[in-house]
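*Asks:* Shown below is the structure under consideration.
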Amino acid sequence: MEQVALSGGQSGSECVEYSIIMANKANSLAHTKWMCKYHIIFTPKYRRKVIYNQYRKDLGEILRELCRYKHVEIIEGHLMRDHVHMLVMIPPSLSVSAFMGYLKGKSALMMFDRHANLKYKFGNRHFWSEGYYVSTVGLNDATVVKYIREQEMHDIAMDKMSVKEYANPFSEAEQQAYKQEKAKRKK
(Lines give C-alpha, C1' and ligand atoms only; values in the text may rest on other atoms or scores of the structure.)
Protein backbone atom coordinates (compact mmCIF):
# COMPACT_ATOMS: atom_id res chain seq x y z
CA MET A 1 0.00 0.00 0.00
CA GLU A 2 1.44 3.36 -1.04
CA GLN A 3 1.59 6.20 1.50
CA VAL A 4 0.81 9.65 0.18
CA ALA A 5 2.90 12.53 1.53
CA LEU A 6 0.76 15.30 2.98
CA SER A 7 1.70 18.84 3.97
CA GLY A 8 4.82 19.05 6.08
CA GLY A 9 6.29 15.98 4.47
CA GLN A 10 4.37 13.61 6.74
CA SER A 11 3.07 10.34 5.42
CA GLY A 12 -0.60 9.43 5.73
CA SER A 13 -0.08 7.13 8.72
CA GLU A 14 1.95 9.80 10.56
CA CYS A 15 -0.86 12.31 10.05
CA VAL A 16 -3.44 9.83 11.37
CA GLU A 17 -1.31 9.25 14.49
CA TYR A 18 -0.88 13.01 14.93
CA SER A 19 -4.65 13.51 14.58
CA ILE A 20 -5.30 10.88 17.24
CA ILE A 21 -2.84 12.56 19.63
CA MET A 22 -4.46 15.98 19.03
CA ALA A 23 -7.95 14.52 19.47
CA ASN A 24 -6.92 13.17 22.87
CA LYS A 25 -5.66 16.62 23.91
CA ALA A 26 -8.81 18.39 22.67
CA ASN A 27 -11.79 19.04 24.89
CA SER A 28 -15.31 18.32 23.79
CA LEU A 29 -18.77 19.76 24.07
CA ALA A 30 -21.99 18.14 22.85
CA HIS A 31 -21.09 18.31 19.14
CA THR A 32 -17.65 19.90 19.16
CA LYS A 33 -14.01 18.95 19.66
CA TRP A 34 -12.03 22.04 20.55
CA MET A 35 -8.64 23.32 21.66
CA CYS A 36 -8.80 27.13 21.82
CA LYS A 37 -5.66 28.50 23.51
CA TYR A 38 -5.00 32.19 24.06
CA HIS A 39 -2.05 34.15 25.41
CA ILE A 40 -3.52 37.08 27.36
CA ILE A 41 -1.74 40.03 28.99
CA PHE A 42 -3.46 42.72 31.06
CA THR A 43 -2.27 45.44 33.44
CA PRO A 44 -3.42 47.29 36.58
CA LYS A 45 -4.70 50.83 36.14
CA TYR A 46 -1.86 53.25 35.30
CA ARG A 47 0.40 50.18 35.15
CA ARG A 48 1.00 50.54 38.88
CA LYS A 49 3.37 48.02 40.40
CA VAL A 50 0.87 46.65 42.92
CA ILE A 51 0.96 42.89 42.30
CA TYR A 52 3.26 41.81 45.13
CA ASN A 53 3.24 40.03 48.50
CA GLN A 54 -0.28 39.53 49.87
CA TYR A 55 -1.94 41.14 46.84
CA ARG A 56 -0.12 38.70 44.56
CA LYS A 57 -1.22 35.67 46.58
CA ASP A 58 -4.84 36.81 46.78
CA LEU A 59 -4.98 37.82 43.12
CA GLY A 60 -3.65 34.42 42.07
CA GLU A 61 -6.34 32.67 44.11
CA ILE A 62 -9.05 34.95 42.73
CA LEU A 63 -8.02 34.44 39.09
CA ARG A 64 -7.85 30.65 39.53
CA GLU A 65 -11.27 30.59 41.19
CA LEU A 66 -12.91 32.73 38.50
CA CYS A 67 -11.37 30.65 35.70
CA ARG A 68 -12.52 27.44 37.34
CA TYR A 69 -16.07 28.83 37.59
CA LYS A 70 -16.17 29.55 33.82
CA HIS A 71 -14.49 26.20 32.94
CA VAL A 72 -11.39 27.98 31.62
CA GLU A 73 -8.16 26.03 32.03
CA ILE A 74 -5.06 27.99 33.01
CA ILE A 75 -2.19 26.26 31.20
CA GLU A 76 0.44 28.73 32.40
CA GLY A 77 0.23 32.01 34.24
CA HIS A 78 2.52 34.49 35.92
CA LEU A 79 1.78 37.58 37.99
CA MET A 80 4.40 40.24 37.36
CA ARG A 81 4.56 43.39 39.52
CA ASP A 82 2.81 45.48 36.84
CA HIS A 83 1.05 43.00 34.54
CA VAL A 84 -0.42 39.51 34.27
CA HIS A 85 0.49 36.84 31.70
CA MET A 86 -1.91 33.95 31.18
CA LEU A 87 -2.00 31.08 28.71
CA VAL A 88 -5.57 29.83 28.91
CA MET A 89 -7.86 27.41 27.13
CA ILE A 90 -11.29 29.04 26.73
CA PRO A 91 -14.32 27.00 25.60
CA PRO A 92 -15.74 28.10 22.22
CA SER A 93 -19.11 28.79 23.87
CA LEU A 94 -17.45 31.75 25.64
CA SER A 95 -15.93 34.66 23.71
CA VAL A 96 -12.54 36.01 24.74
CA SER A 97 -13.94 39.51 25.26
CA ALA A 98 -16.81 38.24 27.43
CA PHE A 99 -14.38 36.17 29.49
CA MET A 100 -11.96 39.09 29.96
CA GLY A 101 -14.78 41.45 30.95
CA TYR A 102 -15.90 38.92 33.52
CA LEU A 103 -12.38 38.14 34.77
CA LYS A 104 -11.25 41.74 35.15
CA GLY A 105 -14.56 42.98 36.55
CA LYS A 106 -15.07 40.27 39.15
CA SER A 107 -11.41 40.11 40.17
CA ALA A 108 -11.37 43.88 40.77
CA LEU A 109 -14.46 43.68 42.98
CA MET A 110 -13.02 40.73 44.90
CA MET A 111 -9.67 42.51 45.40
CA PHE A 112 -11.43 45.62 46.74
CA ASP A 113 -13.49 43.43 49.10
CA ARG A 114 -10.38 41.72 50.47
CA HIS A 115 -8.19 44.84 50.57
CA ALA A 116 -10.25 47.92 51.38
CA ASN A 117 -7.18 50.19 51.27
CA LEU A 118 -6.94 49.68 47.49
CA LYS A 119 -10.12 51.73 47.06
CA TYR A 120 -8.14 54.85 47.86
CA LYS A 121 -5.34 54.08 45.40
CA PHE A 122 -7.76 53.12 42.63
CA GLY A 123 -10.77 55.41 42.64
CA ASN A 124 -14.17 54.25 41.39
CA ARG A 125 -13.23 50.57 41.80
CA HIS A 126 -11.13 50.49 38.61
CA PHE A 127 -8.31 48.07 39.45
CA TRP A 128 -7.45 47.07 35.86
CA SER A 129 -6.65 49.33 32.92
CA GLU A 130 -8.94 49.26 29.91
CA GLY A 131 -8.18 46.67 27.30
CA TYR A 132 -5.84 43.70 27.12
CA TYR A 133 -3.54 41.92 24.67
CA VAL A 134 -4.61 38.56 23.28
CA SER A 135 -3.16 36.26 20.66
CA THR A 136 -4.19 32.81 19.59
CA VAL A 137 -1.79 29.97 20.22
CA GLY A 138 -1.52 27.08 17.83
CA LEU A 139 -0.49 23.54 18.58
CA ASN A 140 3.04 24.58 19.57
CA ASP A 141 2.29 26.30 22.86
CA ALA A 142 5.65 25.36 24.39
CA THR A 143 7.17 28.61 23.09
CA VAL A 144 4.54 30.72 24.83
CA VAL A 145 4.87 28.74 28.07
CA LYS A 146 8.64 29.29 28.02
CA TYR A 147 8.18 33.01 27.32
CA ILE A 148 5.77 33.42 30.25
CA ARG A 149 8.06 31.52 32.62
CA GLU A 150 11.16 33.49 31.65
CA GLN A 151 9.52 36.93 31.43
CA GLU A 152 10.30 37.94 35.01
CA MET A 153 13.94 36.84 34.80
CA HIS A 154 14.30 38.81 31.55
CA ASP A 155 12.83 41.97 33.12
CA ILE A 156 15.18 41.71 36.10
CA ALA A 157 18.19 41.21 33.81
CA MET A 158 17.20 44.22 31.68
CA ASP A 159 16.86 46.38 34.80
CA LYS A 160 20.36 45.39 35.92
CA MET A 161 21.80 46.16 32.49
CA SER A 162 20.19 49.60 32.42
CA VAL A 163 22.70 52.14 33.71
CA LYS A 164 20.92 55.20 32.38
CA GLU A 165 20.44 57.82 35.04
CA TYR A 166 17.09 59.52 34.82
CA ALA A 167 17.06 63.24 35.45
CA ASN A 168 14.37 64.80 37.58
CA PRO A 169 12.12 66.60 35.06
CA PHE A 170 10.95 68.97 37.77
CA SER A 171 14.40 70.26 38.77
CA GLU A 172 15.17 73.88 38.02
CA ALA A 173 17.98 73.06 35.58
CA GLU A 174 15.73 70.71 33.59
CA GLN A 175 12.95 73.30 33.43
CA GLN A 176 15.38 75.96 32.14
CA ALA A 177 16.74 73.59 29.49
CA TYR A 178 13.18 72.78 28.41
CA LYS A 179 12.29 76.49 28.14
CA GLN A 180 15.43 77.18 26.07
CA GLU A 181 14.65 74.27 23.73
CA LYS A 182 11.07 75.48 23.35
CA ALA A 183 12.28 79.03 22.58
CA LYS A 184 14.64 77.69 19.88
CA ARG A 185 11.77 75.85 18.19
CA LYS A 186 9.64 79.00 18.05
CA LYS A 187 12.36 80.92 16.17
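So you can find residues: chains in the C-alpha coordinates are A, B, ... in the order shown, residues in each start at 1, and ligands are numbered from 1 in order.
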Fewer than 6 positions away in the same chain doesn't count, so skip those; otherwise give me all residues within 9 Å of range 137-153 of chain A, counting only C-alpha atoms, as a count of residues only.
*Replies:* 14
*Asks:* According to DSSP computed on the backbone, where in range 27-127 of chain A is there alpha helix (DSSP H)? Give the residues as a ChimeraX atom specification.
*Replies:* /A:53-69,96-114,118-121
*Asks:* Residues of range 38-103 of chain A that approach range 154-157 of chain A to 12 Å or less, counting only C-alpha atoms: could you list each one with the shortest pair of atoms and its distance in Å to one decimal, rows by chain and increasing residue number, as a tab-separated table?
*Replies:*
residue	atom	partner	partner_atom	distance
A:Met80	CA	A:Asp155	CA	9.6
A:Arg81	CA	A:Asp155	CA	10.6
A:Asp82	CA	A:Asp155	CA	11.3
A:His83	CA	A:Asp155	CA	11.9
*Asks:* If I take CA of Leu79 in chain A and CA of Gly60 in chain A, how far is one from the other in Å, to one decimal?
*Replies:* 7.5 Å
*Asks:* With only C-alpha atoms as the basis for distance, which of A:Ile41, A:Met111, A:Met89, A:Leu59 is at the shortest distance from Ala26 in chain A?
*Replies:*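 Smallest separation from Ala26 in chain A among the options: A:Met89.
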*Asks:* Could you pull the residues within 9 Å of Gly131 in chain A, counting only C-alpha atoms, minus those fewer than 6 positions along the same chain, as a PyMOL selection string?
*Replies:* chain A and resi 42-43+100
*Asks:* Would you save the residues from that selection as an mmCIF file, in the first residue's frame, using N, CA and C atoms?
*Replies:*
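File produced: result01.cif:
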data_model
loop_
_atom_site.group_PDB
_atom_site.id
_atom_site.type_symbol
_atom_site.label_atom_id
_atom_site.label_comp_id
_atom_site.auth_asym_id
_atom_site.auth_seq_id
_atom_site.Cartn_x
_atom_site.Cartn_y
_atom_site.Cartn_z
ATOM 1 N N PHE A 42 -2.716 41.536 30.638
ATOM 2 C CA PHE A 42 -3.455 42.718 31.058
ATOM 3 C C PHE A 42 -2.749 43.360 32.243
ATOM 4 N N THR A 43 -3.032 44.654 32.467
ATOM 5 C CA THR A 43 -2.270 45.438 33.445
ATOM 6 C C THR A 43 -3.194 46.157 34.436
ATOM 7 N N MET A 100 -12.831 38.072 29.370
ATOM 8 C CA MET A 100 -11.957 39.088 29.955
ATOM 9 C C MET A 100 -12.753 40.140 30.720
#
*Asks:* As an MDAnalysis selection string, please: every residue in range 62-157 of chain A that DSSP puts in strand (DSSP E).
*Replies:* chainID A and resid 73:79 84:89 133:137
*Asks:* Using only C-alpha atoms, which residue out of A:Ala30, A:Val72, A:Ile51, A:Ile62 lies closest to Ser95 in chain A?
*Replies:*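 So, comparing all the options, the nearest one is A:Val72.
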*Asks:* From the list A:Tyr55, A:Val134, A:Asn27, A:Pro92, which residue is nearest Asp113 in chain A when using only C-alpha atoms?
*Replies:*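 Of A:Tyr55, A:Val134, A:Asn27, A:Pro92, the one nearest Asp113 in chain A, counting only C-alpha atoms, is A:Tyr55.
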